Structure formats: C-alpha cells, structure tokens
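So this one's model-v6.txt, compact mmCIF, C-alpha atoms:
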```
# COMPACT_ATOMS: atom_id res chain seq x y z
CA MET A 1 -43.13 1.44 -97.67
CA SER A 2 -43.58 -1.12 -94.92
CA THR A 3 -39.84 -1.80 -94.77
CA ASP A 4 -39.26 1.92 -94.45
CA THR A 5 -41.46 2.19 -91.41
CA THR A 6 -39.81 -0.79 -89.74
CA THR A 7 -36.33 0.64 -90.25
CA GLU A 8 -37.54 3.96 -88.97
CA GLU A 9 -38.91 2.28 -85.85
CA ALA A 10 -35.69 0.36 -85.40
CA THR A 11 -33.63 3.54 -85.61
CA SER A 12 -36.05 5.38 -83.35
CA GLY A 13 -35.07 2.96 -80.61
CA PHE A 14 -31.62 4.52 -80.73
CA ASN A 15 -33.04 7.93 -81.45
CA ILE A 16 -31.48 9.54 -78.41
CA GLN A 17 -32.04 13.24 -78.04
CA PRO A 18 -30.07 14.24 -74.98
CA MET A 19 -30.50 17.94 -75.64
CA LYS A 20 -34.29 17.87 -75.98
CA GLN A 21 -34.66 18.23 -72.21
CA PHE A 22 -33.11 21.69 -72.39
CA GLU A 23 -35.67 23.02 -74.85
CA ILE A 24 -37.89 25.81 -73.71
CA HIS A 25 -41.56 25.70 -74.53
CA PRO A 26 -44.62 27.62 -73.36
CA LEU A 27 -46.57 26.09 -70.50
CA PHE A 28 -49.91 26.78 -72.17
CA GLY A 29 -50.56 26.29 -75.86
CA ASP A 30 -47.92 26.05 -78.53
CA GLY A 31 -47.37 29.63 -79.63
CA ALA A 32 -44.28 31.76 -79.91
CA ILE A 33 -42.17 32.51 -76.89
CA HIS A 34 -42.42 36.19 -76.01
CA TRP A 35 -40.47 37.66 -73.11
CA TYR A 36 -43.54 37.44 -70.85
CA THR A 37 -44.72 33.96 -71.87
CA PRO A 38 -44.95 31.59 -68.90
CA THR A 39 -42.60 28.80 -69.95
CA ASN A 40 -41.22 25.69 -68.31
CA ALA A 41 -38.16 27.81 -67.44
CA ALA A 42 -40.40 30.26 -65.59
CA LEU A 43 -42.18 27.42 -63.79
CA TRP A 44 -39.00 25.78 -62.50
CA MET A 45 -37.41 29.07 -61.50
CA GLY A 46 -40.55 29.84 -59.56
CA LEU A 47 -40.42 26.40 -57.93
CA ALA A 48 -36.81 27.01 -56.90
CA VAL A 49 -37.87 30.24 -55.23
CA PHE A 50 -40.79 28.44 -53.61
CA CYS A 51 -38.51 25.70 -52.24
CA ALA A 52 -36.15 28.29 -50.80
CA TYR A 53 -39.21 29.94 -49.24
CA LEU A 54 -40.33 26.60 -47.78
CA LEU A 55 -36.94 25.92 -46.24
CA LEU A 56 -36.12 29.36 -44.89
CA VAL A 57 -39.49 30.85 -44.01
CA VAL A 58 -41.85 27.94 -43.46
CA GLY A 59 -39.10 25.76 -42.04
CA SER A 60 -38.10 28.31 -39.44
CA ARG A 61 -41.60 29.53 -38.54
CA GLY A 62 -41.41 27.88 -35.12
CA ARG A 63 -38.51 30.18 -34.10
CA ALA A 64 -37.76 27.49 -31.57
CA MET A 65 -34.92 27.69 -29.08
CA VAL A 66 -34.37 24.00 -29.76
CA PRO A 67 -34.80 23.89 -33.55
CA SER A 68 -36.93 21.43 -35.46
CA ARG A 69 -35.31 19.50 -38.30
CA SER A 70 -36.25 21.97 -41.02
CA GLN A 71 -35.30 24.93 -38.84
CA SER A 72 -32.00 23.24 -38.15
CA VAL A 73 -31.30 22.86 -41.87
CA ALA A 74 -32.29 26.50 -42.45
CA GLU A 75 -29.94 27.59 -39.68
CA MET A 76 -27.13 25.45 -41.05
CA THR A 77 -27.56 27.01 -44.50
CA TYR A 78 -27.58 30.45 -42.89
CA GLY A 79 -24.44 29.68 -40.88
CA PHE A 80 -22.71 28.07 -43.85
CA VAL A 81 -23.08 31.08 -46.16
CA ARG A 82 -22.49 33.60 -43.41
CA LYS A 83 -19.29 31.92 -42.30
CA MET A 84 -18.10 31.70 -45.90
CA ILE A 85 -18.53 35.46 -46.31
CA GLU A 86 -16.98 36.25 -42.96
CA ASP A 87 -13.96 34.01 -43.54
CA ILE A 88 -13.19 35.41 -46.98
CA THR A 89 -14.14 39.08 -46.84
CA GLY A 90 -14.22 39.79 -43.12
CA LYS A 91 -16.98 41.64 -41.29
CA GLU A 92 -17.53 44.31 -43.94
CA GLY A 93 -18.69 41.69 -46.45
CA LEU A 94 -21.68 40.79 -44.27
CA LYS A 95 -23.51 43.79 -45.72
CA TYR A 96 -23.93 41.70 -48.88
CA PHE A 97 -25.06 38.56 -47.03
CA PRO A 98 -28.68 38.71 -48.35
CA HIS A 99 -27.49 39.07 -51.96
CA ILE A 100 -25.11 36.14 -51.75
CA MET A 101 -27.62 34.05 -49.84
CA THR A 102 -30.14 34.72 -52.61
CA ALA A 103 -27.73 33.56 -55.30
CA PHE A 104 -26.74 30.47 -53.32
CA LEU A 105 -30.32 29.40 -52.59
CA PHE A 106 -31.53 30.02 -56.11
CA ILE A 107 -28.72 28.03 -57.72
CA LEU A 108 -28.87 25.25 -55.13
CA PHE A 109 -32.60 24.69 -55.48
CA ALA A 110 -32.56 25.11 -59.26
CA ASN A 111 -29.80 22.47 -59.44
CA LEU A 112 -31.62 20.08 -57.13
CA LEU A 113 -35.01 20.51 -58.80
CA GLY A 114 -33.34 19.92 -62.15
CA LEU A 115 -32.50 16.41 -60.96
CA LEU A 116 -36.17 15.42 -60.71
CA PRO A 117 -37.33 13.31 -63.64
CA TYR A 118 -39.28 15.32 -66.27
CA SER A 119 -38.13 18.55 -64.68
CA PHE A 120 -36.40 21.43 -66.41
CA SER A 121 -32.97 22.41 -65.24
CA THR A 122 -32.85 26.22 -65.33
CA THR A 123 -29.22 26.45 -64.26
CA SER A 124 -28.13 24.45 -67.31
CA GLN A 125 -29.12 27.44 -69.47
CA ILE A 126 -26.34 29.80 -70.44
CA ALA A 127 -28.88 32.62 -70.48
CA VAL A 128 -29.55 32.11 -66.78
CA THR A 129 -26.01 31.46 -65.57
CA GLY A 130 -24.70 34.20 -67.85
CA VAL A 131 -27.06 36.78 -66.40
CA LEU A 132 -26.16 35.67 -62.87
CA ALA A 133 -22.44 35.83 -63.61
CA MET A 134 -22.69 39.18 -65.40
CA THR A 135 -24.71 40.59 -62.51
CA VAL A 136 -21.98 39.51 -60.12
CA PHE A 137 -19.25 40.84 -62.40
CA LEU A 138 -20.85 44.25 -62.96
CA THR A 139 -21.88 44.66 -59.33
CA VAL A 140 -18.43 43.78 -58.05
CA THR A 141 -16.67 46.00 -60.58
CA ILE A 142 -18.89 49.01 -59.90
CA LEU A 143 -18.65 48.36 -56.15
CA GLY A 144 -14.86 48.19 -56.45
CA PHE A 145 -14.68 51.61 -58.06
CA VAL A 146 -17.28 53.14 -55.74
CA ILE A 147 -15.51 51.93 -52.60
CA ASN A 148 -11.88 52.33 -53.65
CA GLY A 149 -12.10 54.94 -56.40
CA PRO A 150 -9.29 54.68 -58.95
CA GLY A 151 -7.39 52.66 -56.35
CA PHE A 152 -9.35 49.64 -57.54
CA ILE A 153 -6.84 49.44 -60.41
CA LYS A 154 -4.32 48.22 -57.82
CA LEU A 155 -6.08 44.88 -58.12
CA PHE A 156 -4.29 44.47 -61.47
CA TRP A 157 -1.04 46.13 -60.45
CA VAL A 158 0.96 43.43 -58.66
CA SER A 159 3.17 45.59 -56.45
CA SER A 160 5.03 42.60 -55.06
CA ALA A 161 6.40 41.66 -58.51
CA PRO A 162 9.57 43.17 -60.02
CA LEU A 163 8.88 46.53 -61.66
CA ALA A 164 9.70 45.29 -65.16
CA LEU A 165 7.16 42.49 -64.92
CA ARG A 166 4.34 44.63 -63.61
CA PRO A 167 2.97 45.88 -66.97
CA VAL A 168 2.92 42.33 -68.29
CA LEU A 169 1.19 41.08 -65.18
CA PHE A 170 -1.20 44.02 -65.42
CA LEU A 171 -2.28 42.84 -68.83
CA ILE A 172 -2.65 39.23 -67.70
CA GLU A 173 -4.61 40.22 -64.61
CA LEU A 174 -6.85 42.46 -66.68
CA ILE A 175 -7.61 39.68 -69.18
CA SER A 176 -8.24 37.15 -66.43
CA TYR A 177 -10.54 39.65 -64.75
CA PHE A 178 -12.68 40.02 -67.85
CA VAL A 179 -12.74 36.27 -68.41
CA ARG A 180 -14.22 35.80 -64.94
CA PRO A 181 -17.90 36.10 -65.90
CA VAL A 182 -17.39 33.71 -68.81
CA SER A 183 -15.80 30.97 -66.71
CA HIS A 184 -18.16 31.73 -63.84
CA SER A 185 -21.26 31.14 -65.96
CA ILE A 186 -20.02 28.32 -68.19
CA ARG A 187 -18.67 26.34 -65.23
CA LEU A 188 -22.12 26.15 -63.69
CA GLY A 189 -24.14 25.77 -66.88
CA GLY A 190 -21.72 23.31 -68.46
CA ASN A 191 -21.53 21.06 -65.43
CA LEU A 192 -25.28 20.85 -65.13
CA MET A 193 -25.86 20.38 -68.85
CA ALA A 194 -23.21 17.66 -69.23
CA GLY A 195 -24.52 15.63 -66.31
CA HIS A 196 -28.12 15.78 -67.47
CA ALA A 197 -27.14 14.93 -71.05
CA VAL A 198 -25.15 11.90 -69.85
CA VAL A 199 -28.10 10.63 -67.85
CA LYS A 200 -30.31 11.06 -70.90
CA VAL A 201 -27.88 9.21 -73.17
CA PHE A 202 -27.72 6.27 -70.77
CA ALA A 203 -31.49 6.30 -70.51
CA GLY A 204 -31.65 6.09 -74.30
CA PHE A 205 -29.39 3.04 -74.25
CA ALA A 206 -31.52 1.45 -71.57
CA GLY A 207 -34.59 1.80 -73.76
CA ALA A 208 -32.85 0.06 -76.65
CA LEU A 209 -30.96 -2.76 -74.95
CA GLY A 210 -33.81 -4.84 -73.51
CA ILE A 211 -32.51 -7.12 -70.77
CA GLY A 212 -29.01 -5.65 -71.12
CA ALA A 213 -30.47 -2.40 -69.88
CA ILE A 214 -29.26 -3.31 -66.42
CA ILE A 215 -25.83 -1.88 -67.29
CA PRO A 216 -26.95 1.62 -68.38
CA ILE A 217 -29.46 1.70 -65.51
CA THR A 218 -26.67 0.99 -63.04
CA ALA A 219 -24.66 3.71 -64.73
CA ILE A 220 -27.60 6.12 -64.42
CA VAL A 221 -27.81 5.44 -60.69
CA ALA A 222 -24.09 6.12 -60.30
CA VAL A 223 -24.18 9.26 -62.46
CA TYR A 224 -27.27 10.45 -60.63
CA GLY A 225 -25.41 10.21 -57.32
CA LEU A 226 -22.56 12.14 -58.85
CA GLU A 227 -25.02 14.74 -60.18
CA LEU A 228 -26.46 15.18 -56.70
CA LEU A 229 -22.96 15.99 -55.50
CA VAL A 230 -22.39 18.29 -58.47
CA ALA A 231 -25.64 20.12 -57.71
CA PHE A 232 -24.33 21.04 -54.26
CA ILE A 233 -20.74 21.63 -55.29
CA GLN A 234 -21.59 23.89 -58.22
CA ALA A 235 -23.90 25.99 -56.06
CA TYR A 236 -21.09 26.21 -53.52
CA VAL A 237 -18.46 27.01 -56.15
CA PHE A 238 -20.57 29.74 -57.74
CA THR A 239 -21.22 31.28 -54.35
CA ILE A 240 -17.67 31.11 -53.08
CA LEU A 241 -16.33 32.64 -56.30
CA THR A 242 -18.88 35.42 -55.94
CA VAL A 243 -17.59 36.02 -52.42
CA VAL A 244 -13.98 35.95 -53.61
CA TYR A 245 -14.79 38.54 -56.30
CA LEU A 246 -16.53 40.59 -53.66
CA LYS A 247 -13.40 40.42 -51.54
CA ASP A 248 -11.42 41.82 -54.48
CA ALA A 249 -13.81 44.75 -54.59
CA LEU A 250 -13.55 45.36 -50.84
CA HIS A 251 -9.78 44.87 -50.51
CA PRO A 252 -8.23 45.27 -54.00
CA ALA A 253 -4.59 45.45 -52.86
CA HIS A 254 -2.70 42.21 -53.32
CA MET B 1 -37.19 7.69 -97.35
CA ALA B 2 -38.70 11.05 -98.15
CA VAL B 3 -40.27 11.24 -94.70
CA GLN B 4 -36.90 10.52 -93.14
CA ASP B 5 -35.24 13.23 -95.19
CA VAL B 6 -37.81 15.74 -94.07
CA ALA B 7 -37.32 14.69 -90.47
CA LEU B 8 -33.55 15.07 -90.84
CA ALA B 9 -34.00 18.46 -92.43
CA VAL B 10 -36.22 19.58 -89.58
CA GLU B 11 -33.67 18.19 -87.17
CA ALA B 12 -30.85 20.06 -88.87
CA SER B 13 -32.72 23.33 -88.91
CA LYS B 14 -32.84 23.34 -85.12
CA PRO B 15 -29.76 24.54 -83.32
CA GLY B 16 -27.64 21.80 -81.77
CA MET B 17 -27.99 23.23 -78.30
CA PRO B 18 -31.26 24.70 -77.08
CA GLN B 19 -29.08 26.81 -74.77
CA LEU B 20 -27.87 28.78 -77.80
CA ASP B 21 -31.35 29.53 -79.09
CA PHE B 22 -31.25 33.26 -78.54
CA SER B 23 -34.96 33.69 -79.23
CA THR B 24 -35.71 32.29 -75.76
CA TYR B 25 -33.24 34.57 -73.96
CA PRO B 26 -35.56 37.53 -73.27
CA ASN B 27 -38.08 35.13 -71.76
CA GLN B 28 -35.53 33.36 -69.54
CA ILE B 29 -33.90 36.58 -68.43
CA PHE B 30 -37.24 38.17 -67.63
CA TRP B 31 -38.35 35.27 -65.46
CA LEU B 32 -34.91 34.96 -63.88
CA VAL B 33 -35.01 38.60 -62.81
CA VAL B 34 -38.53 38.17 -61.44
CA SER B 35 -37.51 35.03 -59.49
CA ILE B 36 -34.32 36.55 -58.13
CA VAL B 37 -36.05 39.76 -57.03
CA VAL B 38 -38.82 37.80 -55.30
CA LEU B 39 -36.28 35.50 -53.63
CA TYR B 40 -34.17 38.49 -52.61
CA PHE B 41 -37.10 40.07 -50.81
CA ILE B 42 -38.01 36.79 -49.11
CA VAL B 43 -34.41 36.29 -48.00
CA SER B 44 -33.59 39.82 -46.91
CA LYS B 45 -36.92 40.86 -45.39
CA VAL B 46 -38.13 37.67 -43.74
CA ALA B 47 -35.75 34.75 -43.68
CA LEU B 48 -32.41 36.20 -42.64
CA PRO B 49 -33.70 38.55 -39.90
CA ARG B 50 -35.77 35.74 -38.44
CA ILE B 51 -33.07 33.06 -38.49
CA GLY B 52 -30.48 35.58 -37.33
CA SER B 53 -32.59 36.62 -34.35
CA VAL B 54 -33.30 32.99 -33.43
CA ILE B 55 -29.58 32.15 -33.50
CA GLU B 56 -28.78 35.31 -31.54
CA ASP B 57 -31.41 34.50 -28.91
CA ARG B 58 -30.11 30.98 -28.51
CA HIS B 59 -26.55 32.23 -28.25
CA ASN B 60 -27.56 34.70 -25.53
CA ALA B 61 -29.56 32.08 -23.65
CA ILE B 62 -26.62 29.68 -23.62
CA ALA B 63 -24.22 32.42 -22.52
CA ASN B 64 -26.66 33.41 -19.74
CA ASP B 65 -27.00 29.83 -18.57
CA ILE B 66 -23.25 29.34 -18.43
CA GLU B 67 -22.83 32.59 -16.53
CA GLN B 68 -25.55 31.59 -14.10
CA ALA B 69 -24.01 28.17 -13.59
CA SER B 70 -20.63 29.68 -12.76
CA GLU B 71 -22.37 32.09 -10.38
CA PHE B 72 -24.02 29.15 -8.62
CA LYS B 73 -20.73 27.32 -8.44
CA ARG B 74 -19.07 30.36 -6.90
CA LYS B 75 -21.89 30.59 -4.33
CA ALA B 76 -21.57 26.92 -3.49
CA GLU B 77 -17.85 27.30 -2.94
CA GLU B 78 -18.46 30.31 -0.73
CA ALA B 79 -21.00 28.37 1.30
CA GLU B 80 -18.55 25.52 1.73
CA ALA B 81 -15.84 27.89 2.94
CA ALA B 82 -18.29 29.50 5.39
CA TYR B 83 -19.33 26.09 6.65
CA ASN B 84 -15.71 25.06 7.21
CA ALA B 85 -14.95 28.32 9.03
CA ALA B 86 -18.01 27.88 11.25
CA LEU B 87 -16.98 24.32 11.97
CA THR B 88 -13.44 25.28 13.09
CA GLU B 89 -14.81 28.15 15.16
CA ALA B 90 -17.33 25.90 16.85
CA ARG B 91 -14.64 23.33 17.60
CA ALA B 92 -12.37 26.00 19.13
CA GLN B 93 -15.24 27.35 21.19
CA ALA B 94 -16.12 23.89 22.43
CA MET B 95 -12.51 23.31 23.49
CA HIS B 96 -12.48 26.66 25.23
CA ILE B 97 -15.73 25.93 27.09
CA ALA B 98 -14.47 22.51 28.12
CA GLY B 99 -11.26 24.09 29.49
CA VAL B 100 -13.15 26.72 31.43
CA ALA B 101 -15.51 24.13 32.92
CA LYS B 102 -12.61 21.92 33.90
CA ALA B 103 -10.86 24.81 35.67
CA GLU B 104 -14.05 25.79 37.49
CA ILE B 105 -14.66 22.26 38.67
CA LYS B 106 -11.04 21.97 39.84
CA ALA B 107 -11.37 25.19 41.81
CA ASP B 108 -14.60 23.98 43.44
CA VAL B 109 -13.05 20.66 44.34
CA ASP B 110 -9.96 22.35 45.79
CA ALA B 111 -12.09 24.71 47.86
CA ALA B 112 -14.21 21.82 49.18
CA ILE B 113 -11.09 19.81 50.09
CA ALA B 114 -9.57 22.82 51.89
CA LYS B 115 -12.81 23.39 53.82
CA ALA B 116 -13.05 19.76 54.79
CA ASP B 117 -9.40 19.78 55.94
CA ALA B 118 -10.06 22.85 58.08
CA GLU B 119 -13.15 21.29 59.63
CA ILE B 120 -11.29 18.07 60.37
CA ALA B 121 -8.44 20.04 61.98
CA ALA B 122 -10.88 21.99 64.15
CA LYS B 123 -12.73 18.84 65.20
CA SER B 124 -9.52 17.02 66.09
CA ALA B 125 -8.26 19.98 68.13
CA GLU B 126 -11.53 20.04 70.06
CA SER B 127 -11.30 16.32 70.63
CA ALA B 128 -7.74 16.65 71.94
CA VAL B 129 -8.90 19.26 74.46
CA ARG B 130 -11.65 16.99 75.63
CA ILE B 131 -9.34 14.02 75.92
CA ASP B 132 -7.02 16.14 78.08
CA GLU B 133 -9.92 17.16 80.28
CA ILE B 134 -11.11 13.58 80.62
CA ARG B 135 -7.59 12.45 81.39
CA ALA B 136 -7.21 15.20 84.04
CA SER B 137 -10.54 14.36 85.62
CA ALA B 138 -9.68 10.65 85.55
CA LEU B 139 -6.35 11.36 87.28
CA LYS B 140 -8.13 13.42 89.93
CA SER B 141 -10.65 10.65 90.49
CA ILE B 142 -7.83 8.09 90.85
CA GLU B 143 -6.11 10.33 93.37
CA GLU B 144 -9.26 10.71 95.40
CA VAL B 145 -10.06 7.04 95.25
CA ALA B 146 -6.48 6.11 96.13
CA GLY B 147 -6.49 8.62 99.04
CA ALA B 148 -9.75 7.23 100.37
CA VAL B 149 -8.51 3.68 100.05
CA VAL B 150 -5.26 4.56 101.85
CA ASN B 151 -7.14 6.29 104.62
CA ASP B 152 -9.41 3.33 105.03
CA ILE B 153 -6.44 0.93 105.14
CA ILE B 154 -4.63 3.04 107.74
CA ALA B 155 -7.78 3.36 109.82
CA ALA B 156 -8.18 -0.35 109.74
CA ILE B 157 -4.62 -1.11 110.69
CA MET B 158 -3.83 1.71 112.98
CA PRO B 159 -7.00 3.61 113.95
CA THR B 160 -5.19 5.98 116.31
CA THR B 161 -2.76 7.48 113.95
CA SER B 162 -5.06 8.78 111.26
CA ASP B 163 -3.65 11.87 109.56
CA GLU B 164 -5.65 12.57 106.51
CA LYS B 165 -3.44 15.37 105.15
CA ALA B 166 -0.26 13.33 105.32
CA THR B 167 -1.72 10.40 103.54
CA LYS B 168 -3.14 12.60 100.81
CA ALA B 169 0.27 14.14 100.15
CA ALA B 170 1.92 10.76 100.22
CA VAL B 171 -0.55 9.36 97.69
CA ALA B 172 -0.12 12.36 95.38
CA ALA B 173 3.66 12.06 95.56
CA ARG B 174 3.40 8.39 94.77
CA LEU B 175 1.11 8.97 91.82
CA LYS B 176 3.38 11.62 90.34
CA GLY B 177 6.43 9.50 90.83
```

Using structure tokens, write down the structure from this file.
Amino acid sequence: MSTDTTTEEATSGFNIQPMKQFEIHPLFGDGAIHWYTPTNAALWMGLAVFCAYLLLVVGSRGRAMVPSRSQSVAEMTYGFVRKMIEDITGKEGLKYFPHIMTAFLFILFANLLGLLPYSFSTTSQIAVTGVLAMTVFLTVTILGFVINGPGFIKLFWVSSAPLALRPVLFLIELISYFVRPVSHSIRLGGNLMAGHAVVKVFAGFAGALGIGAIIPITAIVAVYGLELLVAFIQAYVFTILTVVYLKDALHPAH
Amino acid sequence: MAVQDVALAVEASKPGMPQLDFSTYPNQIFWLVVSIVVLYFIVSKVALPRIGSVIEDRHNAIANDIEQASEFKRKAEEAEAAYNAALTEARAQAMHIAGVAKAEIKADVDAAIAKADAEIAAKSAESAVRIDEIRASALKSIEEVAGAVVNDIIAAIMPTTSDEKATKAAVAARLKG
C-alpha cells in the first residue's frame, strides 16, 4: 500500500493536465452549470468588457486637446480600427465601425487577460469564437442580400474567368464561403488554446525537473512573449477578416 | 492500484477537450451575448462619439492654427512690401526736395551777384564823374595859378607893359599845347 502511494506521488509529479485550465466551473458553489450560472467564463468576459471600458471611456475622460497616455492609446486604437475599415471597405463601411470595434476590443482584451496566471481564456473556447464567427457570417450574408439583392450571388460567379470554368469556380467559391466561419473561429480558438496548453506543459516539466527547471522556465518566458504577440495578432486577424467579409457584402462583384 | 484505476476511469470519462463539452455551451453563449451587448453599447454610445469628437476638435484646431499662421505670414509680407515702397518714395522725395532747394539757393545767389554787380557799376560810374570834375577843377586852378604867376613875373620884370588878357590867353594856349 505504501509503495502504491509513493509511485502515485512520483507519477503525479509528471501529472500534467494542460487542458484543465480550459474547464468551466461555477464561481460559487459546485453545482451544475445552467445557462445563467455565473462561471469563470462569465467573470473573464465581464473583465474583458470592463478593461475595454477602462481604456476607451475612463482613459479618454479628459477629452484633452493634448491627450494623456491612456487617451492616446484609446485614440490609436480608434484610429487603427477606423483606418482598417476605411482602407478595405471605403467610406460606406464606417457605418459598421462600432460593431467591428466591439469585436476587436472584446477579442483583444479577452486574449490579453487570458495571459494572466490563473486566469481563464474565454477566446480559447470554441463556443465563444464559434458564436462570434457565426454572428459575423450570418450578419454579412444577410447584409449582402439586403444591400445587393440577388446580385450578391455575383460574389461566387467569377466573371473574369473563362465561361466554361465559371460553374466549377462557383462551386469552389460557394464551399469556401461556407467554410469561412469554421476557419474564422478555429483560427482564433486554436491559436489561443495551443499557446496556453504549451505554457502549461512546460510548467508541468518545470515542477518535475528540480534544478533543471531552468530550461522549461526559459521556454515559458519565450513562449509567453510569443503568446503576447499572438494575442494581438489574432485579435487583428479576426477583425480584419471580419472587415474583408463585410467588404464582400458591400461590393460583391469581383 | 484500485485507486489508480478509479482515477483513470474518472479521467477517461471526461472529454479530452473541455472546449467540446457541450453542456457548458448555453452558459458561455449566454454570457458572451451579455458581454458583447454591454460592450457594444459602451463603444457605440459613449466611447466612439467621444473619441471621434476629440480627434475632430484637434484636427480643426490644428487646421485653424495653420491657416492663421499663413494669414500672419501674408500680413507680414504685405507690411514688408509697404515698408519698402514707403522707403523708396521717401528717398525720391528727399532727392526732389534737395534738388529744389539747390535750385532756389542758386537763383538767390545769382540774383545777389547781379545786384552787387549793378551797384558796383553805378558806384564806379559816379566815381568817374567825380574824378572828371576834380580833374577839371584842378586844371582850372592850375590855369589861374599859372596866369597869376605869369602876371606877377611880367609886372616884376616889365611893370609898364602889363596886359592881363594877353598873358591869360598865352598861358591857356601853353597849357593846352
């Protein structure tokens, strides 16, 4: 019996559970998770919204002609997203600036907050990224038909290709269009999940290696820096793809 | 060993990825929608209008300042041109005044010289007349004196033959000769 416990303790040193950090549990008590239960996911989503509020509203409360640091960052974020929309869709896309800004800020702050130790990374959940991507997909598709009517089909009808190829291309374009929400959501969720899992795995090694832990700890530092970059880049990629899809809805002709 | 088996069994019963645990989806989606709606209202009602107006104001202020600066520059250039024009005008006027003054002075000097010349000529003419008079009176006096002397000499030499008229004529003829 005593040998059993020692082997169990020995194995528990290597008992790495990189996926445990993605588990959802209620904030209070230990009961079942109903749709309304306040969970860690709810907490960290709320914190992401709160951080966006701090940056954009509290940070810019001075309304100064010469901006403070936080106001300057808020203005840069504003200019960054606005310019992205204007460059890709033109002036008519600016009507959707608040929607895209919302998506960008939510994903950015969720990604960044997910990097805090002991935090919960909401954007690593397929449920979250999937809903975001499906919202974008449905909105853009409906918008495309509302604005262009049946002409929206032109998006799939490559009029610059030879006539014989057009039906084939139509099929390919159609498939790629419907794959969009899948790639859109999995790109974000997968990137976040993989990075966090890698950090956790290295952390598990560090706990088991004793003095040799210096190697995995160095690796964690490096991966963490990379994850910081990924947090920004994935927020940017999600947003810019949203804008590109929006452009398709506004100007479907190739 | 039995404990370990149970633990493994529990482990296996859980899905490999918590992301694929569909029982948590309604919860996540509900809170996601709540968060996104709240954030959307913060962004669209407060943040973007505020930041947009601040950027707009700053843009306008900068444009105004640049416009004002170019206005001031234009005014400065105008002032410089006016100054230069005034300077050339003043110089021309000064030259003109100097010329006029010079001409006036020359005329005055000429007039004074002419007057002085005339006065000198008049004075010298007067003097010439007086010299003539003096000379005439001197000649007359010499004649008289000479006549008297001759008379006296004749009277002394030959007192009987004194003819005053003859001697006078003789003296005058001599003096003229």

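Of the residues under consideration (A:Phe202, A:Phe238, A:Tyr96, A:Trp35), A:Trp35 shows the shortest atom-to-atom contact distance to B:Val34 when counting all atoms listed in the file.
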
Exercise. May I ask for the distance between atom CA of A:Pro181 and atom CA of A:Leu241, given in Å to one decimal place?
Key: 10.3 Å

Quiz prompt | Residue neighbourhood stretch 226-232 of chain A, 12 Å, all atoms listed in the file, exclusion window fewer than 6 positions, as a PyMOL selection string | solution = chain A and resi 77+104-116+121+123-124+187-199+219-220+238-239

Quiz item: chain B residues within 10 Å of chain A, counting only C-alpha atoms: which ones, as a ChimeraX atom specification?
Solution: /B:1-4,16-55,57-59,61

Exercise. Write out as a VMD selection string the residues lying within 12 Å of A:Ile217, counting only C-alpha atoms and excluding same-chain residues fewer than 3 positions away.
Key: chain A and resid 198 to 214 220 to 224

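The coordinates place atom CA of A:Leu155 at 8.5 Å from atom CA of A:His251.
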
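For the point (-2.6, 6.2, 94.2), the residues with an atom at a distance of at most 9 Å are Ile142, Glu143, Glu144, Val145, Ala146, Gly147, Val149, Val150, Ala170, Val171, Ala172, Ala173, Arg174, Leu175 and Lys176 of chain B, counting all atoms listed in the file.
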
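With atom CA of B:Thr167 on one side and atom CA of B:Asn151 on the other, the separation reads 6.9 Å.
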
Show me as an mmCIF file with C-alpha atoms, keeping the file's coordinate frame the residues that reach within 12 Å of (1.3, 45.2, -59.3), counting all atoms listed in the file and using the file's own coordinates.
```cif
data_model
loop_
_atom_site.group_PDB
_atom_site.id
_atom_site.type_symbol
_atom_site.label_atom_id
_atom_site.label_comp_id
_atom_site.auth_asym_id
_atom_site.auth_seq_id
_atom_site.Cartn_x
_atom_site.Cartn_y
_atom_site.Cartn_z
ATOM 1 C CA GLY A 151 -7.390 52.660 -56.350
ATOM 2 C CA PHE A 152 -9.350 49.640 -57.540
ATOM 3 C CA ILE A 153 -6.840 49.440 -60.410
ATOM 4 C CA LYS A 154 -4.320 48.220 -57.820
ATOM 5 C CA LEU A 155 -6.080 44.880 -58.120
ATOM 6 C CA PHE A 156 -4.290 44.470 -61.470
ATOM 7 C CA TRP A 157 -1.040 46.130 -60.450
ATOM 8 C CA VAL A 158 0.960 43.430 -58.660
ATOM 9 C CA SER A 159 3.170 45.590 -56.450
ATOM 10 C CA SER A 160 5.030 42.600 -55.060
ATOM 11 C CA ALA A 161 6.400 41.660 -58.510
ATOM 12 C CA PRO A 162 9.570 43.170 -60.020
ATOM 13 C CA LEU A 163 8.880 46.530 -61.660
ATOM 14 C CA ALA A 164 9.700 45.290 -65.160
ATOM 15 C CA LEU A 165 7.160 42.490 -64.920
ATOM 16 C CA ARG A 166 4.340 44.630 -63.610
ATOM 17 C CA PRO A 167 2.970 45.880 -66.970
ATOM 18 C CA VAL A 168 2.920 42.330 -68.290
ATOM 19 C CA LEU A 169 1.190 41.080 -65.180
ATOM 20 C CA PHE A 170 -1.200 44.020 -65.420
ATOM 21 C CA LEU A 171 -2.280 42.840 -68.830
ATOM 22 C CA ILE A 172 -2.650 39.230 -67.700
ATOM 23 C CA GLU A 173 -4.610 40.220 -64.610
ATOM 24 C CA LEU A 174 -6.850 42.460 -66.680
ATOM 25 C CA PRO A 252 -8.230 45.270 -54.000
ATOM 26 C CA ALA A 253 -4.590 45.450 -52.860
ATOM 27 C CA HIS A 254 -2.700 42.210 -53.320
#
```

Quiz item: Any idea what's packed within 12 Å of A:Asp87, counting only C-alpha atoms, ignoring anything in its chain fewer than 5 positions away? Could you give it as a PyMOL selection string?
Solution: chain A and resi 79-82+92-94+240+243-244+247

Save out the residues we just selected, C-alpha atoms, as an mmCIF file, in the coordinates of the input.
```cif
data_model
loop_
_atom_site.group_PDB
_atom_site.id
_atom_site.type_symbol
_atom_site.label_atom_id
_atom_site.label_comp_id
_atom_site.auth_asym_id
_atom_site.auth_seq_id
_atom_site.Cartn_x
_atom_site.Cartn_y
_atom_site.Cartn_z
ATOM 1 C CA GLY A 79 -24.440 29.680 -40.880
ATOM 2 C CA PHE A 80 -22.710 28.070 -43.850
ATOM 3 C CA VAL A 81 -23.080 31.080 -46.160
ATOM 4 C CA ARG A 82 -22.490 33.600 -43.410
ATOM 5 C CA GLU A 92 -17.530 44.310 -43.940
ATOM 6 C CA GLY A 93 -18.690 41.690 -46.450
ATOM 7 C CA LEU A 94 -21.680 40.790 -44.270
ATOM 8 C CA ILE A 240 -17.670 31.110 -53.080
ATOM 9 C CA VAL A 243 -17.590 36.020 -52.420
ATOM 10 C CA VAL A 244 -13.980 35.950 -53.610
ATOM 11 C CA LYS A 247 -13.400 40.420 -51.540
#
```
